[in-house]
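Structure data (TSV, C-alpha atoms) from query33.tsv:
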```tsv
chain	number	residue	atom	x	y	z
A	1	MET	CA	-2.51	32.80	-15.96
A	2	PRO	CA	-5.15	33.10	-13.16
A	3	ALA	CA	-4.47	35.58	-10.36
A	4	GLU	CA	-4.07	32.75	-7.81
A	5	GLU	CA	-1.39	31.06	-9.90
A	6	THR	CA	0.35	34.40	-10.54
A	7	GLY	CA	0.48	35.08	-6.83
A	8	ALA	CA	1.77	31.58	-6.06
A	9	ALA	CA	4.41	31.77	-8.79
A	10	GLY	CA	5.52	35.20	-7.62
A	11	ALA	CA	5.77	34.08	-4.01
A	12	ALA	CA	7.66	30.92	-4.97
A	13	GLY	CA	10.03	32.97	-7.12
A	14	ALA	CA	10.71	35.42	-4.31
A	15	ALA	CA	11.41	32.60	-1.88
A	16	GLY	CA	13.46	30.62	-4.40
A	17	SER	CA	15.81	33.57	-5.00
A	18	VAL	CA	17.06	33.39	-1.42
A	19	GLY	CA	19.43	30.46	-1.23
A	20	GLU	CA	22.77	29.54	0.35
A	21	LEU	CA	25.18	32.47	-0.08
A	22	THR	CA	28.45	31.97	-1.93
A	23	PRO	CA	31.72	32.61	-0.06
A	24	ALA	CA	32.27	35.82	-2.09
A	25	ALA	CA	28.82	37.10	-1.10
A	26	ARG	CA	29.50	36.32	2.56
A	27	ARG	CA	32.79	38.24	2.43
A	28	LEU	CA	31.09	41.17	0.73
A	29	TYR	CA	28.29	41.23	3.30
A	30	ALA	CA	30.83	41.31	6.15
A	31	TYR	CA	32.56	44.18	4.33
A	32	ALA	CA	29.23	46.01	3.84
A	33	VAL	CA	28.09	45.91	7.47
A	34	GLU	CA	31.30	47.67	8.54
A	35	ARG	CA	30.52	50.86	6.55
A	36	HIS	CA	27.57	53.07	5.79
A	37	ALA	CA	27.83	52.81	1.99
A	38	PHE	CA	30.16	51.54	-0.73
A	39	ASP	CA	30.28	51.06	-4.46
A	40	ALA	CA	31.40	48.12	-6.57
A	41	ALA	CA	34.83	49.59	-7.27
A	42	GLU	CA	35.55	50.11	-3.57
A	43	ALA	CA	34.48	46.57	-2.72
A	44	THR	CA	36.50	45.08	-5.57
A	45	GLU	CA	39.63	46.90	-4.40
A	46	ALA	CA	39.10	45.90	-0.77
A	47	LEU	CA	38.30	42.25	-1.40
A	48	GLY	CA	40.63	41.63	-4.33
A	49	VAL	CA	37.86	40.11	-6.48
A	50	ARG	CA	35.17	41.58	-8.73
A	51	ALA	CA	32.23	42.42	-6.51
A	52	ALA	CA	29.48	42.88	-9.10
A	53	ALA	CA	28.18	39.28	-8.98
A	54	ALA	CA	28.24	39.21	-5.17
A	55	ILE	CA	26.34	42.55	-5.07
A	56	THR	CA	23.65	41.09	-7.36
A	57	GLU	CA	23.42	37.98	-5.16
A	58	LEU	CA	23.06	39.95	-1.93
A	59	ALA	CA	20.55	42.34	-3.46
A	60	ALA	CA	18.41	39.38	-4.61
A	61	ALA	CA	18.51	38.07	-1.03
A	62	HIS	CA	17.41	41.52	0.25
A	63	LEU	CA	20.69	41.83	2.21
A	64	LEU	CA	21.85	44.91	0.21
A	65	GLN	CA	19.89	47.99	-0.76
A	66	ARG	CA	20.66	51.21	-2.62
A	67	ALA	CA	22.18	53.62	-0.12
A	68	PRO	CA	19.65	56.48	0.24
A	69	GLY	CA	20.85	59.90	-0.94
A	70	THR	CA	24.16	58.66	-2.32
A	71	GLY	CA	23.37	57.90	-5.96
A	72	GLN	CA	22.41	54.74	-7.80
A	73	ASP	CA	25.77	52.99	-7.59
A	74	ARG	CA	26.26	52.93	-3.83
A	75	TRP	CA	25.00	50.19	-1.56
A	76	SER	CA	24.39	49.60	2.16
A	77	ALA	CA	23.79	46.48	4.23
A	78	VAL	CA	20.34	45.39	5.42
A	79	ALA	CA	19.89	43.59	8.76
A	80	PRO	CA	19.19	39.83	8.30
A	81	ARG	CA	15.85	40.01	10.14
A	82	ALA	CA	14.69	42.87	7.94
A	83	ALA	CA	15.84	40.94	4.87
A	84	ALA	CA	13.90	37.90	6.07
A	85	ALA	CA	10.75	39.98	6.50
A	86	ARG	CA	11.06	41.31	2.95
A	87	ALA	CA	11.77	37.87	1.46
A	88	LEU	CA	8.91	36.16	3.31
A	89	ALA	CA	6.29	38.86	2.77
A	90	PRO	CA	4.97	37.35	-0.53
A	91	LEU	CA	4.81	33.88	1.03
A	92	ALA	CA	3.02	35.22	4.12
A	93	LEU	CA	0.46	36.85	1.85
A	94	LEU	CA	0.00	33.59	-0.09
A	95	VAL	CA	-0.45	31.64	3.17
A	96	ARG	CA	-3.13	34.06	4.35
A	97	GLU	CA	-4.92	33.87	1.00
A	98	THR	CA	-4.69	30.05	1.04
A	99	HIS	CA	-6.11	29.85	4.57
A	100	ASP	CA	-8.96	32.13	3.56
A	101	GLU	CA	-9.74	29.94	0.53
A	102	MET	CA	-9.56	26.80	2.72
A	103	ASP	CA	-12.05	28.34	5.15
A	104	ARG	CA	-14.40	29.24	2.31
A	105	LEU	CA	-14.16	25.73	0.81
A	106	ARG	CA	-14.67	24.09	4.20
A	107	GLY	CA	-17.75	26.23	4.78
A	108	ARG	CA	-19.24	25.32	1.41
A	109	LEU	CA	-18.73	21.59	2.02
A	110	GLU	CA	-19.83	21.58	5.65
A	111	ALA	CA	-23.07	23.24	4.58
A	112	LEU	CA	-23.93	19.84	3.07
A	113	VAL	CA	-23.44	17.92	6.35
A	114	PRO	CA	-27.10	18.08	7.47
A	115	ALA	CA	-28.29	16.67	4.16
A	116	TYR	CA	-25.67	13.92	4.27
A	117	GLU	CA	-26.46	12.91	7.84
A	118	ALA	CA	-30.20	12.86	7.13
A	119	GLY	CA	-29.63	10.70	4.06
A	120	THR	CA	-27.33	8.22	5.79
A	121	ALA	CA	-29.73	7.92	8.73
A	122	HIS	CA	-32.54	7.03	6.33
A	123	ARG	CA	-30.25	4.61	4.47
A	124	ASP	CA	-29.22	2.83	7.69
A	125	LEU	CA	-32.82	2.48	8.82
A	126	SER	CA	-33.78	0.94	5.50
A	127	GLY	CA	-30.75	-1.39	5.52
A	128	SER	CA	-29.49	-0.17	2.15
A	129	GLY	CA	-25.90	0.95	1.77
A	130	ARG	CA	-24.53	-1.86	3.91
A	131	LEU	CA	-23.62	-3.84	0.80
A	132	GLU	CA	-21.90	-2.00	-2.03
A	133	LEU	CA	-20.62	-3.47	-5.28
A	134	VAL	CA	-17.47	-1.75	-6.59
A	135	THR	CA	-16.57	-2.90	-10.10
A	136	ASP	CA	-13.68	-0.56	-10.99
A	137	LEU	CA	-10.28	-1.98	-10.01
A	138	GLY	CA	-8.81	1.47	-9.40
A	139	ALA	CA	-11.69	2.32	-7.08
A	140	VAL	CA	-11.22	-0.98	-5.23
A	141	ARG	CA	-7.52	-0.24	-4.72
A	142	GLY	CA	-8.28	3.26	-3.48
A	143	LEU	CA	-10.88	1.89	-1.08
A	144	ILE	CA	-8.44	-0.68	0.30
A	145	ALA	CA	-5.82	2.05	0.85
A	146	GLU	CA	-8.41	4.16	2.66
A	147	LEU	CA	-9.56	1.28	4.88
A	148	VAL	CA	-5.98	0.25	5.71
A	149	ALA	CA	-5.15	3.84	6.70
A	150	ALA	CA	-8.19	3.95	9.00
A	151	CYS	CA	-7.65	0.47	10.50
A	152	GLU	CA	-6.91	0.70	14.23
A	153	ARG	CA	-6.87	-2.82	15.70
A	154	GLU	CA	-6.59	-5.74	13.26
A	155	LEU	CA	-6.65	-6.57	9.58
A	156	LEU	CA	-7.60	-10.11	8.55
A	157	THR	CA	-6.89	-11.21	4.99
A	158	SER	CA	-7.64	-14.45	3.20
A	159	GLN	CA	-5.95	-14.77	-0.20
A	160	PRO	CA	-6.54	-17.97	-2.20
A	161	GLY	CA	-4.87	-18.61	-5.54
A	162	GLY	CA	-1.28	-19.52	-4.72
A	163	GLY	CA	1.53	-16.99	-5.08
A	164	ARG	CA	0.41	-13.39	-5.45
A	165	PRO	CA	1.44	-11.28	-8.47
A	166	LEU	CA	4.59	-9.22	-8.01
A	167	GLU	CA	2.74	-6.02	-8.95
A	168	THR	CA	0.17	-6.62	-6.22
A	169	LEU	CA	2.87	-7.31	-3.63
A	170	GLU	CA	4.81	-4.17	-4.56
A	171	GLU	CA	1.62	-2.14	-4.19
A	172	SER	CA	0.83	-3.72	-0.81
A	173	ILE	CA	4.17	-3.77	0.96
A	174	GLY	CA	4.49	-0.08	1.83
A	175	ARG	CA	0.85	0.15	2.91
A	176	ASP	CA	1.12	-2.99	5.07
A	177	GLU	CA	4.42	-1.96	6.66
A	178	SER	CA	2.87	1.39	7.62
A	179	LEU	CA	-0.08	-0.46	9.15
A	180	LEU	CA	2.16	-2.71	11.22
A	181	THR	CA	4.42	0.08	12.44
A	182	ARG	CA	1.28	1.77	13.82
A	183	GLY	CA	0.79	-1.29	16.01
A	184	VAL	CA	-2.16	-2.76	14.08
A	185	ARG	CA	-2.27	-6.57	14.06
A	186	MET	CA	-2.36	-8.36	10.71
A	187	ARG	CA	-3.17	-12.02	10.11
A	188	THR	CA	-3.16	-13.53	6.62
A	189	ILE	CA	-4.03	-16.96	5.21
A	190	TYR	CA	-2.66	-18.07	1.84
A	191	GLN	CA	-2.85	-21.43	0.14
A	192	HIS	CA	0.04	-23.88	0.51
A	193	THR	CA	1.13	-23.27	-3.07
A	194	ALA	CA	2.02	-19.67	-2.17
A	195	ARG	CA	5.06	-21.04	-0.32
A	196	TYR	CA	6.71	-21.81	-3.66
A	197	SER	CA	6.36	-18.23	-4.95
A	198	ARG	CA	9.60	-16.34	-4.29
A	199	PRO	CA	8.01	-12.86	-4.43
A	200	THR	CA	5.31	-13.98	-1.99
A	201	ALA	CA	7.89	-15.52	0.35
A	202	ALA	CA	9.96	-12.30	0.26
A	203	TYR	CA	6.86	-10.25	1.08
A	204	VAL	CA	5.99	-12.59	3.97
A	205	GLU	CA	9.51	-12.30	5.35
A	206	ARG	CA	9.25	-8.50	5.44
A	207	VAL	CA	5.83	-8.27	7.07
A	208	THR	CA	6.43	-11.04	9.61
A	209	ALA	CA	9.58	-9.20	10.72
A	210	LEU	CA	7.22	-6.38	11.75
A	211	GLY	CA	4.84	-8.70	13.62
A	212	ALA	CA	2.39	-9.94	10.99
A	213	GLN	CA	1.25	-13.56	11.18
A	214	VAL	CA	0.93	-15.55	7.95
A	215	ARG	CA	-0.31	-19.12	7.56
A	216	THR	CA	-1.37	-21.40	4.71
A	217	LEU	CA	-4.15	-23.88	3.96
A	218	GLY	CA	-4.72	-26.32	1.15
A	219	ASP	CA	-8.32	-25.52	0.23
A	220	GLY	CA	-11.49	-23.85	1.44
A	221	LEU	CA	-10.44	-20.19	1.31
A	222	MET	CA	-12.56	-17.30	0.15
A	223	ARG	CA	-10.86	-14.07	-0.93
A	224	MET	CA	-11.68	-11.40	1.63
A	225	LEU	CA	-10.32	-8.62	3.83
A	226	ILE	CA	-11.79	-7.65	7.21
A	227	PHE	CA	-10.95	-4.35	8.89
A	228	ASP	CA	-11.44	-4.09	12.68
A	229	GLU	CA	-14.35	-6.59	12.46
A	230	HIS	CA	-16.32	-3.63	11.11
A	231	THR	CA	-15.93	-3.53	7.32
A	232	GLY	CA	-15.27	-6.42	4.95
A	233	LEU	CA	-14.35	-6.78	1.29
A	234	MET	CA	-15.17	-9.93	-0.63
A	235	ALA	CA	-14.25	-11.02	-4.14
A	236	VAL	CA	-17.09	-11.19	-6.65
A	237	PRO	CA	-17.35	-14.47	-8.62
A	238	ASP	CA	-16.60	-14.07	-12.33
A	239	ARG	CA	-15.95	-10.32	-11.90
A	240	SER	CA	-12.18	-9.87	-11.93
A	241	GLY	CA	-11.12	-6.72	-10.08
A	242	ALA	CA	-14.54	-6.19	-8.49
A	243	ALA	CA	-15.27	-6.28	-4.76
A	244	LEU	CA	-18.31	-6.38	-2.53
A	245	VAL	CA	-18.01	-3.92	0.35
A	246	VAL	CA	-19.77	-5.27	3.43
A	247	ARG	CA	-20.81	-3.04	6.34
A	248	GLU	CA	-23.68	-5.17	7.58
A	249	PRO	CA	-22.54	-6.30	11.09
A	250	SER	CA	-24.01	-9.81	10.88
A	251	VAL	CA	-22.31	-10.49	7.52
A	252	VAL	CA	-18.99	-9.10	8.73
A	253	HIS	CA	-19.34	-11.31	11.81
A	254	PHE	CA	-19.89	-14.33	9.54
A	255	MET	CA	-16.77	-13.44	7.51
A	256	THR	CA	-14.72	-13.05	10.69
A	257	SER	CA	-16.00	-16.37	12.07
A	258	ALA	CA	-15.10	-18.14	8.81
A	259	PHE	CA	-11.57	-16.75	9.05
A	260	GLU	CA	-11.23	-17.74	12.72
A	261	ARG	CA	-12.38	-21.30	11.94
A	262	SER	CA	-9.70	-21.63	9.27
A	263	TRP	CA	-6.88	-20.05	11.28
A	264	PRO	CA	-6.16	-22.83	13.86
A	265	GLY	CA	-5.81	-25.49	11.14
A	266	ALA	CA	-3.51	-23.42	8.96
A	267	GLU	CA	0.25	-23.99	8.94
A	268	PRO	CA	2.62	-21.09	9.80
A	269	PHE	CA	4.26	-19.71	6.63
A	270	SER	CA	7.99	-20.19	7.10
A	271	THR	CA	10.22	-18.65	4.44
A	272	THR	CA	12.70	-21.50	5.03
A	273	VAL	CA	10.82	-24.78	4.64
A	274	SER	CA	12.39	-27.88	6.15
A	275	PRO	CA	12.24	-31.19	4.21
A	276	ASP	CA	9.74	-32.62	6.71
A	277	ALA	CA	7.51	-29.54	6.49
A	278	ALA	CA	7.65	-29.59	2.68
A	279	ARG	CA	6.73	-33.29	2.67
A	280	SER	CA	3.83	-32.70	5.09
A	281	ILE	CA	2.43	-29.82	3.04
A	282	SER	CA	2.82	-31.76	-0.20
A	283	ASP	CA	1.02	-34.77	1.28
A	284	GLU	CA	-1.85	-32.55	2.39
A	285	LEU	CA	-2.11	-31.02	-1.08
A	286	ARG	CA	-2.25	-34.46	-2.68
A	287	GLN	CA	-4.87	-35.68	-0.25
A	288	THR	CA	-6.93	-32.60	-1.12
A	289	ILE	CA	-6.57	-33.44	-4.82
A	290	VAL	CA	-7.72	-37.00	-4.08
A	291	ARG	CA	-10.83	-35.65	-2.34
A	292	LEU	CA	-11.66	-33.19	-5.12
A	293	LEU	CA	-10.97	-35.82	-7.79
A	294	SER	CA	-13.33	-38.25	-6.09
A	295	GLU	CA	-15.99	-35.52	-6.17
A	296	GLY	CA	-15.71	-35.51	-9.97
A	297	LEU	CA	-14.25	-32.03	-10.36
A	298	GLU	CA	-12.38	-31.18	-13.55
A	299	ASP	CA	-8.63	-30.61	-13.58
A	300	LYS	CA	-8.92	-26.86	-14.15
A	301	VAL	CA	-11.41	-26.51	-11.29
A	302	ILE	CA	-9.14	-28.44	-8.92
A	303	ALA	CA	-6.15	-26.34	-10.03
A	304	ARG	CA	-8.05	-23.12	-9.40
A	305	ARG	CA	-9.26	-24.32	-5.99
A	306	LEU	CA	-5.68	-25.12	-4.93
A	307	GLY	CA	-3.96	-22.09	-6.47
A	308	MET	CA	-1.72	-24.05	-8.84
A	309	SER	CA	-1.31	-24.26	-12.58
A	310	GLU	CA	-3.44	-26.78	-14.46
A	311	ARG	CA	-0.28	-28.50	-15.72
A	312	THR	CA	1.03	-28.99	-12.17
A	313	CYS	CA	-2.36	-30.28	-11.07
A	314	GLN	CA	-2.43	-32.79	-13.94
A	315	ARG	CA	1.02	-34.03	-12.92
A	316	HIS	CA	-0.25	-34.72	-9.40
A	317	ILE	CA	-3.35	-36.46	-10.77
A	318	ALA	CA	-1.17	-38.69	-12.97
A	319	GLU	CA	0.88	-39.74	-9.92
A	320	ILE	CA	-2.32	-40.46	-7.95
A	321	MET	CA	-3.67	-42.56	-10.83
A	322	ARG	CA	-0.48	-44.62	-10.82
A	323	ALA	CA	-0.79	-45.07	-7.05
A	324	VAL	CA	-4.35	-46.47	-7.28
A	325	GLY	CA	-3.72	-48.41	-10.49
A	326	ALA	CA	-6.23	-46.44	-12.56
A	327	LYS	CA	-5.86	-46.32	-16.33
A	328	SER	CA	-8.09	-43.26	-16.82
A	329	ARG	CA	-9.03	-40.20	-14.87
A	330	PHE	CA	-12.65	-41.37	-14.67
A	331	GLN	CA	-11.59	-44.77	-13.33
A	332	ALA	CA	-9.45	-43.00	-10.73
A	333	GLY	CA	-12.45	-40.91	-9.67
A	334	TYR	CA	-14.59	-44.03	-9.33
A	335	LEU	CA	-11.96	-45.94	-7.35
A	336	LEU	CA	-11.34	-43.00	-5.06
A	337	SER	CA	-15.05	-42.45	-4.40
A	338	ALA	CA	-15.67	-46.15	-3.74
A	339	ALA	CA	-12.78	-46.75	-1.37
A	340	PRO	CA	-10.91	-45.02	1.47
A	341	ALA	CA	-8.32	-42.49	0.33
A	342	PRO	CA	-5.18	-44.36	-0.77
A	343	ALA	CA	-1.71	-43.58	0.35
A	344	THR	CA	-0.17	-41.23	-2.14
A	345	PRO	CA	3.50	-41.34	-3.10
A	346	SER	CA	5.76	-39.22	-0.91
A	347	PRO	CA	7.27	-36.27	-2.78
A	348	ALA	CA	10.90	-35.20	-2.60
A	349	PRO	CA	11.74	-32.44	-0.10
A	350	ALA	CA	12.39	-30.00	-2.95
A	351	ASP	CA	9.58	-27.93	-4.49
A	352	PRO	CA	7.20	-30.60	-5.85
A	353	HIS	CA	4.72	-28.18	-7.37
A	354	GLY	CA	6.53	-26.11	-9.93
A	355	PRO	CA	5.06	-22.74	-10.83
A	356	ALA	CA	1.63	-22.15	-9.33
```

For the structure just supplied, provide its representation as structure tokens.
Amino acid sequence: MPAEETGAAGAAGAAGSVGELTPAARRLYAYAVERHAFDAAEATEALGVRAAAAITELAAAHLLQRAPGTGQDRWSAVAPRAAAARALAPLALLVRETHDEMDRLRGRLEALVPAYEAGTAHRDLSGSGRLELVTDLGAVRGLIAELVAACERELLTSQPGGGRPLETLEESIGRDESLLTRGVRMRTIYQHTARYSRPTAAYVERVTALGAQVRTLGDGLMRMLIFDEHTGLMAVPDRSGAALVVREPSVVHFMTSAFERSWPGAEPFSTTVSPDAARSISDELRQTIVRLLSEGLEDKVIARRLGMSERTCQRHIAEIMRAVGAKSRFQAGYLLSAAPAPATPSPAPADPHGPA
């Protein structure tokens, strides 16, 4: 075992041996402080219980010592402050050694500061480094945690794709609650279909209780996070788990402006949706499907754009086809592109979308 580990283990062992005293040890200590020295037999007779275990306990806590000049079997009390000094001496030594090692490590790393600052100055002048592609999901998560911890004013998030995975929400909730309790604002936009995800609704209920604002839109979202209008993260097409880190001010400004344009038209995310609100949101979703269908998009593309399952999307398309009297999907697309958007059937107040 290395010397550093031996010292740490020894110090921890010395500290760990001093715990809460048992009642027998407390009685024995009170007995000990009243006399210059005693042996186990005397203590056992005076206290009415065997004193050997209590002597061992007090000696381990440095509260008893061998009485000088009286033989090996006699003991005397040690003042609590003196016992504390003896017990803490190994830890004090370890703390000093740790501080010394920290100073040495800090000095070695800070010696690299001039080279780092010179390199970053050159990078900023050349414009490189303001866009960074991170392809490892673990690295992306670590970067998000770091940026959230450093965020001081506001975090903007835009999350398309319907309800978020439970694993992602569980990872986010503690980090986001810490952010909000620090007084940082947080605004989030989901898609309408996220309202029908119970884990997402539960997450929204928790963060809105701390002051977060959450709204939903039907379409037109890009996945991104913006920290203090200074640093942005964007999803990378066809690269699951990857992110583009944006530090270029003009691009971050564009991302922020895109979010701000979407925000006024988004509907507040209420965890208890009234029948009228559910009907309004469902009508908007269907009108969006009509528009995308008239543009000739495939079912799976429309489903992905709206954050719903392909099966649910196909069910909506079938209802729209019945409403316009189309016998095929292609005929429906032609009719919808050649005429004003038809009135779509009103859904029931209950969840009309199924799993997203």

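Proximity of A:Arg86, A:Arg247, A:Arg27, A:Arg215 to A:Leu133, computed with only C-alpha atoms, is greatest for A:Arg247.
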
Within 12 Å of (15.4, 39.8, 5.4) in the file's own coordinates, which protein, DNA or RNA residues have an atom, counting only C-alpha atoms? List them as a list of chain:residue names. A:Ala14, A:Ala15, A:Val18, A:Leu58, A:Ala59, A:Ala60, A:Ala61, A:His62, A:Leu63, A:Leu64, A:Gln65, A:Ala77, A:Val78, A:Ala79, A:Pro80, A:Arg81, A:Ala82, A:Ala83, A:Ala84, A:Ala85, A:Arg86, A:Ala87, A:Leu88, A:Ala89

Taking (28.7, 54.2, -0.2) in the coordinates of the supplied file, I want to know which residues reach to within 6 Å of it, counting all atoms listed in the file; could you give the answer as an mmCIF file with C-alpha atoms, keeping the file's coordinate frame?
```
data_model
loop_
_atom_site.group_PDB
_atom_site.id
_atom_site.type_symbol
_atom_site.label_atom_id
_atom_site.label_comp_id
_atom_site.auth_asym_id
_atom_site.auth_seq_id
_atom_site.Cartn_x
_atom_site.Cartn_y
_atom_site.Cartn_z
ATOM 1 C CA ALA A 37 27.830 52.810 1.990
ATOM 2 C CA PHE A 38 30.160 51.540 -0.730
ATOM 3 C CA ASP A 39 30.280 51.060 -4.460
ATOM 4 C CA ARG A 74 26.260 52.930 -3.830
ATOM 5 C CA TRP A 75 25.000 50.190 -1.560
#
```

As a check of understanding: the span from atom CA of A:Ala51 to atom CA of A:Pro90 is 28.4 Å

With a distance cut-off of 6 Å and all atoms listed in the file, select the neighbouring residues of stretch 296-303 of chain A, excluding the residue or stretch itself and same-chain residues fewer than 6 positions from it, and output the selection as a PDB file with C-alpha atoms, in the coordinates of the input.
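Result written to result.pdb:
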```
ATOM      1  CA  SER A 309      -1.310 -24.260 -12.580  1.00  0.00           C
ATOM      2  CA  GLU A 310      -3.440 -26.780 -14.460  1.00  0.00           C
ATOM      3  CA  CYS A 313      -2.360 -30.280 -11.070  1.00  0.00           C
TER       4      CYS A 313
END
```

Pairwise distance, atom CA of A:Arg35 with atom CA of A:Ala67, equals 11.0 Å

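Atom CA of A:Ala25 is found 4.6 Å from atom CA of A:Ala54.
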
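Between A:Glu20 and the candidates A:Leu166, A:Glu57, A:Ser172, A:Arg195, the tightest atom-to-atom separation, counting all atoms listed in the file, involves A:Glu57.
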